[in-house]
Every structure is written in structure tokens, then in C-alpha cells.
Amino acid sequence: MITVQACLDGILLGVLFALIAYGMALQWGVMNIINIAQGDLVILGGYIAYFMYLYGIHPAWGVIVAPVIMYFVGVGLYKLVINKVVDRDLFISILATFGISILFMQLMNFAFGADVVLANSGYGTTFLFDNNVVLPNSKIFSAVVSIFFAICLVIYMKKSKLGRAIRATAQNARAAKILGVDTEKVYAATFGINAALCGVAGALISITFTIHPYMGLPYTIRSFMIVIVAGLGNLPGVALSGMGLGVFEEFADYILGTEFRIGAVFLLLVLILVYRRFKLSRKREYLK
Amino acid sequence: MNKNLILYAAILIFGITAPFIFPAFKVQLSILCVLIVLALTWNIQGGEMGYNTFGNILFYGLGMYLCASVQVGMFFPLAEWTESGGEKTFVHTPAQFFQGMAVGLVVAAIIPTIVAGLIGYAILGLRGHYFAICTLGLGVAAGEISGGIEIIGAGQGFTTPPFPNVGGLEARGEFFYLLSFGALVLTFIAVRAIYSTRFKLILNAIRDNEDKAEAMGIQTMKYKIIGWMISAFFCGLAGGIMGGLVGYIDSTDVAFDGREMGVFMVLMAILGGKGTLWGPIIGATVFHIFKEGFWTFFLGWQYVALGVLIVVIVIYFPEGIMGWLREKYPERFGEVIDEADRKAQVELK
């Protein structure tokens with residue numbers, strides 16, 4: 001039964017990870033930027049929902065409010081910093097976003113305090129299999145909402161004008177520019193959409209789990225891991241590897257103990273990268 | 001050459017006498033020496049080899065834990081030491097302390113080197129940003145895992161042996177200063193010696209185009225691993241000294257502190273100018289002065305200032321101080337402007 005419990009928990013958690021990873025894949029594919037501050041945007045979104053909860057509004061509304069606020073945070077961040085690193089070396093963007101991450105972490109620490117908080121949604125729990133499996137309804141709610149947002153975004157990217165412009169820029173920024181796409185606007189919108197996705201995920205995390213100012217980096221690493229396992233632009237892959245990561249984490253938590261959970265995630269990242277390196281080197285004819 | 005010798009002699013004399021001239025700044029000067037060592041070793045990777053690592057903090061923290069563990073474990077049971085919180089139950093005699101420190105530093109330098117050699121083949125095959133993120137993951141994973149190991153203090157930290165009661169009040173500061181200055185001199189001599197050989201040219205070739213370097217018949221993997229092992233050696237040494245200096249080791253706040261030390265070493269090397277010998281030294285000095293001078297004003301806001309500083313340096317100042325100087329005074333850097341060549345160009349116009 002503990003296996004079923006861990007699997008279900010992991011899948012519901014993994015859907016959230018997949019949503020964050022989708023944003024990561026979007027900006028990586030379009031702007032060629034790896035955003036270390038991704039996790040901190042998630043936590044910021046979580047605090048928005050938490051504050052609504054503090055002021056007596058049901059935190060589930062955060063799912064609608066957080067992305068709107070986070071969209072403007074993302075666009076502002078783009079205008080201030082990111083537009084200066086877009087066409088530079090990838091390491092520059094990693095280091096710059098690392099700086100943003102430290103900045104956000106500390107600002108959130110000042111603004112909201114260093115306590116672990118959660119927004120209580122009061123959704124109750126569901127019992128399955130003769131009460132052996134306990135599922136909080138908030139987890140089911142968060143999974144449903146993230147799937148809903150993901151589907152909306154996929155349709156938006158396929159049908160709308162901006163979506164087509166984003167996809168064109170991802171394929172070839174120069175050609176898109178020649179054909180009249182304002183790439184600067186597209187980049188700003190991409191970063192904004194990514195931040196909005198982080199906002200949704202953060203609001204859901206604050207309802208389902210807990211948030212803390214310093215918890216951002218693991219979310220960045222998880223989404224990075226999911227994207228490299230799935231590959232850029234492979235949406236079913238992102239969803240599947242997100243769920244896989246969720247299940248892995250629940251089992252690591254159960255087998256190794258909670259204090260090694262984050263360590264296991266980071267070690268898994270190293271192992272995946274090393275595995276990928278050996279797999280790629282087998283295809284190469286020199287430089288093994 | 002003669003001028004250089006005088007310069008080095010002046011720096012050496014200043015370095016040795018500094019703690020006696022500025023007795024109030026002994027600890028700060030020792031930390032500065034450690035920071036310079038870290039920046040110099042990061043520069044071997046990030047500057048010369050083009051492999052931007054966030055993971056050298058792994059060796060630093062490893063060295064810190066190893067040095068302290070050996071120093072305690074040589075004379076007392078380690079588990080009881082950490083459980084009792086250190087000095088309360090067991091006391092090192094001066095001889096034990098110095099013997100332990102010496103053996104500990106040797107171990108702290110050698111084990112990270114071996115670790116670097118072992119994981120080097122797997123990790124250094126990664127390219128560019130994959131390498132950067134992978135090493136970032138390594139550093140954080142090491143911190144999280146060491147925070148769960150009971151024998152080295154787990155969450156509550158590990159107290160390193162206190163300095164024995166010899167030589168008066170000033171002895172501790174002077175001892176650690178001379179130790180870290182010695183490590184700095186050793187590192188500088190080693191790095192300078194390396195930079196004057198073919199090895200540096202190979203590292204530069206790897207940075208500029210690894211595929212072509214391989215095609216020229218250089219076994220790039222071998223040299224990458226050796227470069228990383230050299231870095232790990234001095235990082236471990238610096239970590240061991242820093243552990244004794246701070247006196248208290250915590251897994252994520254002192255040893256594997258990716259948010260502070262791990263970023264500092266990258267930032268210092270970039271601020272000074274990566275890919276130069278003196279760049280990291282200048283960068284570390286400027287950074288440390290800035291840090292100590294302004295941290296007190298920003299009290300509580302220092303991480304905000306650090307984040308802003310990283311963004312500003314990376315975006316507006318990626319070439320660093322040395323890069324700026326090189327652009328301004330190219331002839332000082334041995335870039336000979338050929339008169340005949342210039343004349344020919346003028347005639348062409």
C-alpha cells in the first residue's frame with residue numbers, strides 16, 4: 001500500500017514539476033537562457049497565494065491572481081536584466097540569473113520572514129483502498145489545475161498570433177526578425193509567460209505543500225533535469241519525466257529519509273548528466 | 001625580470017610582516033589569502049580551460065571536513081567528540097594540535113585531488129552549461145548529504161579543535177595568517193610555474209576549441225583531469241585552513257556554502273579578469289575590501305547587495321579589471337605593436 005501511496009503522491013507532485021519544467025523549456029528553447037531564478041519565481045508566486053490566504057481570500061484564487069502579477073514581474077525582469085544577456089554566452093546568463101536568484105531569495109526573506117508557511121485551502125482528504133491510501137484533495141486540485149493550464153498554453157501556442165511568433169523565433173530568430181516579428185517583444189512575452197507559469201505552480205505549491213524563501217534552487221534543478229531528460233520541445237516527454245521525478249522523490253523520501261531528499265534530487269541530476277555524457281560520447285567518433 | 005623580482009620580494013616581505021603591522025586585521029588578511037587561493041584555482045578551470053565550474057566548493061568543503069576530522073580522529077574518538085560538541089570533553093595538547101593540523105592539511109589536500117581524479121572522467125566530458133549545472137548540483141548535493149551524516153555532526157555542526165594555549169593571545173591569529181599566507185605563496189608559485197609551461201597552452205587550446213585540440217593530437221581528457229586535480233589540491237588545502245580559522249563547520253553554511261564561497265570564487269576571478277595570472281589576485285583583493293567595507297553598511301542586506309553585484313559585474317564588466325587594463329595599455333601586456341606593420345597599413349590606406 002505504501003507503494004501505491006508513494007506512486008500517487010509522486011504523480012500528483014510530478015504534474016506540478018512538469019508545469020515548471022514547461023516554462024523552463026519554453027525560455028530555454030526560445031531565448032537560449034537557463035534561468036537559475038526559476039525556482040525563486042515559483043516561491044514568489046507561492047507567497048502571493050499565501051498573502052491572499054492571510055487576508056481572508058481563499059488561496060485557490062491565487063491560481064488566477066499569481067500568474068497575472070508574475071507576468072509583469074517576468075516582463076520587468078526581462079527589461080531590466082535578461083535582455084542584456086540573451087545573445088551572450090550561456091554561462092553569463094547562468095551567472096546573472098544566479099545573482100537574481102540570490103537577490104530574490106533574500107528579498108523574500110526580508111519581506112515574508114524565514115518561516116515555513118502554507119496556505120490552508122480546507123479541501124479535506126480523500127481515502128482510497130479501505131483508508132490505506134490518503135490523498136489530500138488539494139493535491140488532486142493542484143494536479144487538475146496544472147493540467148488545465150498546460151493544455152491552455154499548448155492551445156495558445158498553436159493558435160494565437162503571439163504563439164506562432166514565439167515558435168517562429170525559437171526556430172530561427174534572425175529569419176523571424178526578417179519576416180517582421182518583433183523578437184524583442186517575443187522574448188519579453190516568453191519570459192513573462194514563463195514567470196506566469198511559475199506563479200501558477202507556486203500558488204498550487206503553497207496550497208499543497210509548504211513554501212520557504214530558500215527553497216527555490218531545488219525547483220530550478222528539478223525543472224532543468226526534466227527538460228534534459230525529455231528534450232526541448234517534447235511536451236509528452238516533459239509530462240512523463242516530471243511524473244517520474246515525482247515518484248522517484250517520494251520513494252527516495254520513503255527509503256532514504258526526508259533529510260536526504262534534496263540531496264537525492266541533486267545526485268540524480270549529476271547521474272543523469274553523466275549518463276547522458278556517456279551515451280552521447282558513444283555516438284561520437286573522436287573525443288570520447 | 002629584475003623588476004619582477006623586486007616586486008615579488010616586496011610583496012613577500014609585506015605579506016610576512018603584515019600581521020605585525022596591522023594586528024587588528026589578522027583574521028581578515030588570512031581570509032583574504034584563502035579567497036585569493038580559491039580565485040586562483042577557479043581561474044585554472046574557468047579562465048584557462050573554459051570550463052566554468054560552480055563545483056570547486058566540493059573540494060573546499062571536503063578539505064575542511066577532512067582536516068578537522070583527522071585532527072580530532074588522530075587522538076580522540078570522532079563520534080564522541082561531535083556528540084559532546086567538541087572541546088568540553090577532550091583537550092588537545094599543543095603538540096597534538098600541531099601534529100594533527102599538519103597531517104590533516106596533507107590529507108585535506110590529497111583526498112580531494114583523488115576525488116577530482118575519480119569523478120573527473122565522468123564530469124569533465126560534459127560541455128558548457130551542462131558542466132556548469134552539473135557541478136552546481138554536485139556542490140549542493142555534497143552539502144545536503146554531509147548535513148545528514150551523524151559522525152561529522154550532521155545538522156548541528158562540527159567544532160574544530162580550539163587553538164592550544166601557547167604563545168600568548170596573538171598566537172592564534174598569527175599562526176593561521178602565516179599558514180594561509182604560506183598556502184597562498186605555494187599556490188602562486190605552482191600556478192605561475194604551470195602558466196609558463198606547455199600545459200597552459202594546452203588548457204587554452206581546450207578553451208578555444210576542444211575538437212580542434214583533440215584533432216591536433218592532444219589527449220584533452222587527460223589534461224582536463226590533471227587541471228581539475230591541481231585545482232582540487234589547493235581548494236582542499238584552503239578549505240582545511242579555513243576550517244581551523246573559523247573554528248566551526250556547518251554543512252551548508254560554512255563548508256559547502258554554494259551561496260557564499262562557491263559564488264565568491266567565480267565572482268572574484270571574473271571581477272579581476274579571468275584567464276590572467278594577476279587577475280584573480282586583484283579581483284579577490286578588491287572584492288574582499290568591498291565586502292568587508294560595505295557589508296557592515298548593508299547589515300542584513302548583504303545578500304541583496306551580493307545579488308546586485310553579481311548581475312552588474314556579469315553584465316557590464318565581464319572582462320574584469322585586467323581585461324580593462326589590457327584594452328587601455330596593450331603595450332604593457334607584451335602586445336608588441338610592430339612599427340613596420342603599422343607603416344604598411346598606413347600606406348595601404
# chains A, B, ... in the order shown; residues from 1 in each chain; ligands from 1

call {"tool": "interface_residues", "arguments": {"of": "chain A", "to": "chain B", "cutoff": "8 Å", "atoms": "only C-alpha atoms", "output": "VMD selection string"}}
result
chain A and resid 81 84 to 85 90 to 92 94 to 104 106 to 107 221 259 to 260 262 to 267 269 to 270 273 to 274 277 to 278 286 to 288

call {"tool": "residues_around", "arguments": {"residues": "range 10-18 of chain A", "least_positions_apart": "3", "cutoff": "6 Å", "atoms": "only C-alpha atoms", "output": "count of residues only"}}
result
12

call {"tool": "select_by_dssp", "arguments": {"residues": "range 46-269 of chain A", "states": "strand (DSSP E or B)", "output": "list in words"}}
result
Val117, Thr125, Thr126, Phe127, Leu128, Val133, Val134, Leu135, Pro136 and Ile211 of chain A

call {"tool": "residues_around", "arguments": {"residues": "range 100-111 of chain B", "least_positions_apart": "2", "cutoff": "9 Å", "atoms": "only C-alpha atoms", "output": "PDB file with C-alpha atoms, in the first residue's frame"}}
result
ATOM      1  CA  PHE B  59      36.781  20.184  -2.711  1.00  0.00           C
ATOM      2  CA  TYR B  60      36.881  23.155  -0.388  1.00  0.00           C
ATOM      3  CA  LEU B  62      35.708  18.210   1.649  1.00  0.00           C
ATOM      4  CA  GLY B  63      39.103  19.544   2.696  1.00  0.00           C
ATOM      5  CA  MET B  64      37.532  21.393   5.587  1.00  0.00           C
ATOM      6  CA  TYR B  65      35.773  18.320   6.956  1.00  0.00           C
ATOM      7  CA  LEU B  66      38.768  16.038   6.341  1.00  0.00           C
ATOM      8  CA  CYS B  67      41.287  18.296   8.057  1.00  0.00           C
ATOM      9  CA  ALA B  68      39.121  18.726  11.142  1.00  0.00           C
ATOM     10  CA  SER B  69      38.170  15.031  11.281  1.00  0.00           C
ATOM     11  CA  VAL B  70      41.784  13.894  11.014  1.00  0.00           C
ATOM     12  CA  GLN B  71      42.894  16.410  13.596  1.00  0.00           C
ATOM     13  CA  VAL B  72      40.333  15.085  16.037  1.00  0.00           C
ATOM     14  CA  GLY B  73      40.337  11.450  14.983  1.00  0.00           C
ATOM     15  CA  MET B  74      44.100  11.002  15.399  1.00  0.00           C
ATOM     16  CA  PHE B  75      43.824  11.378  19.169  1.00  0.00           C
ATOM     17  CA  ALA B  95      51.939  19.044  20.233  1.00  0.00           C
ATOM     18  CA  GLN B  96      48.821  17.062  19.368  1.00  0.00           C
ATOM     19  CA  PHE B  97      47.187  20.127  17.864  1.00  0.00           C
ATOM     20  CA  PHE B  98      50.061  20.957  15.541  1.00  0.00           C
ATOM     21  CA  THR B 113      42.729  15.531  -5.513  1.00  0.00           C
ATOM     22  CA  ILE B 114      41.970  11.818  -5.703  1.00  0.00           C
ATOM     23  CA  VAL B 115      38.226  12.525  -5.714  1.00  0.00           C
ATOM     24  CA  ALA B 116      38.709  15.007  -8.552  1.00  0.00           C
ATOM     25  CA  ALA B 232      41.220  20.350  -6.098  1.00  0.00           C
ATOM     26  CA  PHE B 233      44.574  20.082  -4.319  1.00  0.00           C
ATOM     27  CA  PHE B 234      44.733  23.768  -3.467  1.00  0.00           C
ATOM     28  CA  CYS B 235      40.998  24.075  -2.820  1.00  0.00           C
ATOM     29  CA  GLY B 236      41.226  21.279  -0.257  1.00  0.00           C
ATOM     30  CA  LEU B 237      44.239  22.912   1.384  1.00  0.00           C
ATOM     31  CA  ALA B 238      42.420  26.263   1.572  1.00  0.00           C
ATOM     32  CA  GLY B 239      39.363  24.536   2.999  1.00  0.00           C
ATOM     33  CA  GLY B 240      41.402  22.823   5.710  1.00  0.00           C
ATOM     34  CA  ILE B 241      42.955  26.119   6.790  1.00  0.00           C
ATOM     35  CA  GLY B 244      40.614  25.801  11.576  1.00  0.00           C
TER      36      GLY B 244
END

call {"tool": "select_by_dssp", "arguments": {"residues": "range 38-231 of chain A", "states": "alpha helix (DSSP H)", "output": "ChimeraX atom specification"}}
result
/A:38-54,62-80,90-112,137-159,161-171,173-178,183-208,216-230

call {"tool": "residues_around", "arguments": {"residues": "Val42 in chain A", "least_positions_apart": "4", "cutoff": "7 Å", "atoms": "only C-alpha atoms", "output": "mmCIF file with C-alpha atoms, in the first residue's frame"}}
result
data_model
loop_
_atom_site.group_PDB
_atom_site.id
_atom_site.type_symbol
_atom_site.label_atom_id
_atom_site.label_comp_id
_atom_site.auth_asym_id
_atom_site.auth_seq_id
_atom_site.Cartn_x
_atom_site.Cartn_y
_atom_site.Cartn_z
ATOM 1 C CA GLN A 38 13.105 29.821 -11.954
ATOM 2 C CA GLY A 46 3.525 30.887 -3.704
ATOM 3 C CA CYS A 198 5.877 29.693 -12.238
ATOM 4 C CA GLY A 199 3.275 31.810 -10.470
ATOM 5 C CA ALA A 201 2.836 26.418 -9.881
ATOM 6 C CA GLY A 202 3.888 28.440 -6.846
#

call {"tool": "closest_residue", "arguments": {"among": "B:Ile289, B:Val246, B:Phe317, B:Tyr329", "to": "Arg172 in chain B", "atoms": "only C-alpha atoms"}}
result
B:Val246

call {"tool": "residues_around", "arguments": {"residues": "Ala168 in chain A", "least_positions_apart": "2", "cutoff": "12 Å", "atoms": "only C-alpha atoms", "output": "JSON, numbers by chain"}}
result
{"A": [29, 30, 31, 157, 158, 161, 162, 163, 164, 165, 166, 170, 171, 172, 173, 174, 175, 176, 177, 178, 179, 180, 181, 182, 183, 186, 187]}

call {"tool": "write_last_selection", "arguments": {"atoms": "N, CA and C atoms", "output": "compact mmCIF listing (two decimals), in the first residue's frame"}}
result
# COMPACT_ATOMS: atom_id res chain seq x y z
N GLY A 29 14.25 27.09 -25.02
CA GLY A 29 14.13 26.89 -26.46
C GLY A 29 14.08 28.20 -27.22
N VAL A 30 13.37 29.18 -26.68
CA VAL A 30 13.17 30.43 -27.42
C VAL A 30 14.35 31.37 -27.25
N MET A 31 14.79 31.57 -26.00
CA MET A 31 15.79 32.60 -25.74
C MET A 31 17.17 32.03 -25.51
N MET A 157 -0.27 28.44 -27.77
CA MET A 157 0.95 28.47 -28.59
C MET A 157 0.66 28.02 -30.01
N LYS A 158 -0.33 27.13 -30.19
CA LYS A 158 -0.63 26.62 -31.52
C LYS A 158 -1.45 27.63 -32.32
N LYS A 161 -1.59 34.43 -32.48
CA LYS A 161 -0.56 35.07 -33.28
C LYS A 161 0.76 35.12 -32.52
N LEU A 162 0.65 35.49 -31.23
CA LEU A 162 1.86 35.58 -30.42
C LEU A 162 2.51 34.20 -30.29
N GLY A 163 1.69 33.18 -30.12
CA GLY A 163 2.22 31.82 -30.01
C GLY A 163 3.00 31.43 -31.24
N ARG A 164 2.43 31.76 -32.40
CA ARG A 164 3.15 31.44 -33.64
C ARG A 164 4.45 32.23 -33.73
N ALA A 165 4.40 33.52 -33.29
CA ALA A 165 5.61 34.33 -33.32
C ALA A 165 6.68 33.73 -32.41
N ILE A 166 6.25 33.24 -31.24
CA ILE A 166 7.21 32.64 -30.31
C ILE A 166 7.84 31.41 -30.94
N ALA A 170 11.74 30.73 -31.91
CA ALA A 170 12.50 29.60 -31.39
C ALA A 170 13.21 28.87 -32.52
N GLN A 171 12.52 28.77 -33.67
CA GLN A 171 13.16 28.04 -34.78
C GLN A 171 14.33 28.81 -35.34
N ASN A 172 14.13 30.10 -35.61
CA ASN A 172 15.22 30.88 -36.18
C ASN A 172 14.93 32.35 -35.92
N ALA A 173 15.66 32.90 -34.95
CA ALA A 173 15.36 34.27 -34.53
C ALA A 173 15.61 35.27 -35.65
N ARG A 174 16.68 35.03 -36.42
CA ARG A 174 17.02 36.00 -37.46
C ARG A 174 15.97 36.01 -38.56
N ALA A 175 15.58 34.80 -38.98
CA ALA A 175 14.58 34.72 -40.04
C ALA A 175 13.27 35.34 -39.58
N ALA A 176 12.93 35.10 -38.30
CA ALA A 176 11.68 35.67 -37.78
C ALA A 176 11.74 37.18 -37.81
N LYS A 177 12.91 37.72 -37.49
CA LYS A 177 13.09 39.17 -37.49
C LYS A 177 12.88 39.72 -38.91
N ILE A 178 13.46 39.03 -39.88
CA ILE A 178 13.33 39.47 -41.27
C ILE A 178 11.87 39.47 -41.70
N LEU A 179 11.13 38.48 -41.21
CA LEU A 179 9.73 38.38 -41.61
C LEU A 179 8.82 39.27 -40.76
N GLY A 180 9.41 40.18 -39.99
CA GLY A 180 8.58 41.17 -39.33
C GLY A 180 8.13 40.83 -37.92
N VAL A 181 8.74 39.82 -37.31
CA VAL A 181 8.41 39.52 -35.92
C VAL A 181 9.28 40.39 -35.03
N ASP A 182 8.65 41.07 -34.09
CA ASP A 182 9.42 41.89 -33.16
C ASP A 182 9.98 40.97 -32.08
N THR A 183 11.22 40.48 -32.31
CA THR A 183 11.74 39.45 -31.41
C THR A 183 11.89 39.96 -29.99
N VAL A 186 8.73 39.41 -28.39
CA VAL A 186 8.50 37.98 -28.21
C VAL A 186 9.28 37.46 -27.01
N TYR A 187 10.54 37.91 -26.89
CA TYR A 187 11.35 37.47 -25.74
C TYR A 187 10.70 37.92 -24.44

call {"tool": "residues_around", "arguments": {"residues": "Leu325 in chain B", "least_positions_apart": "4", "cutoff": "12 Å", "atoms": "only C-alpha atoms", "output": "PyMOL selection string"}}
result
chain B and resi 272-273+276+278-279+282+319-321+329-333

call {"tool": "residues_around", "arguments": {"residues": "Ile226 in chain A", "least_positions_apart": "2", "cutoff": "7 Å", "atoms": "only C-alpha atoms", "output": "PDB file with N, CA and C atoms, in the first residue's frame"}}
result
ATOM      1  N   ALA A  21       8.712  22.873 -15.424  1.00  0.00           N
ATOM      2  CA  ALA A  21       9.691  22.496 -16.440  1.00  0.00           C
ATOM      3  C   ALA A  21       9.254  22.968 -17.820  1.00  0.00           C
ATOM      4  N   ARG A 222      15.151  20.671 -10.498  1.00  0.00           N
ATOM      5  CA  ARG A 222      14.185  19.672 -10.959  1.00  0.00           C
ATOM      6  C   ARG A 222      13.735  19.986 -12.383  1.00  0.00           C
ATOM      7  N   SER A 223      13.404  21.261 -12.620  1.00  0.00           N
ATOM      8  CA  SER A 223      12.888  21.565 -13.961  1.00  0.00           C
ATOM      9  C   SER A 223      13.984  21.405 -15.004  1.00  0.00           C
ATOM     10  N   PHE A 224      15.213  21.765 -14.641  1.00  0.00           N
ATOM     11  CA  PHE A 224      16.329  21.568 -15.575  1.00  0.00           C
ATOM     12  C   PHE A 224      16.487  20.090 -15.917  1.00  0.00           C
ATOM     13  N   ILE A 228      16.163  18.240 -19.585  1.00  0.00           N
ATOM     14  CA  ILE A 228      17.200  17.499 -20.301  1.00  0.00           C
ATOM     15  C   ILE A 228      16.822  16.048 -20.504  1.00  0.00           C
ATOM     16  N   VAL A 229      16.026  15.482 -19.612  1.00  0.00           N
ATOM     17  CA  VAL A 229      15.603  14.096 -19.839  1.00  0.00           C
ATOM     18  C   VAL A 229      14.626  14.039 -21.002  1.00  0.00           C
ATOM     19  N   ALA A 230      13.694  15.006 -21.042  1.00  0.00           N
ATOM     20  CA  ALA A 230      12.654  14.954 -22.066  1.00  0.00           C
ATOM     21  C   ALA A 230      13.155  15.483 -23.402  1.00  0.00           C
ATOM     22  N   VAL A 238       8.019  15.861 -21.315  1.00  0.00           N
ATOM     23  CA  VAL A 238       8.133  16.689 -20.107  1.00  0.00           C
ATOM     24  C   VAL A 238       7.151  16.202 -19.053  1.00  0.00           C
ATOM     25  N   SER A 241       8.394  12.678 -17.719  1.00  0.00           N
ATOM     26  CA  SER A 241       9.581  12.685 -16.862  1.00  0.00           C
ATOM     27  C   SER A 241       9.320  13.477 -15.589  1.00  0.00           C
ATOM     28  N   GLY A 242       8.413  14.460 -15.666  1.00  0.00           N
ATOM     29  CA  GLY A 242       8.023  15.144 -14.441  1.00  0.00           C
ATOM     30  C   GLY A 242       7.411  14.188 -13.448  1.00  0.00           C
TER      31      GLY A 242
END

call {"tool": "atom_distance", "arguments": {"atom1": "CA of Phe264 in chain B", "atom2": "CA of Thr187 in chain B"}}
result
18.0 Å

call {"tool": "atom_distance", "arguments": {"atom1": "CA of Asp250 in chain B", "atom2": "CA of Gly61 in chain B"}}
result
9.6 Å
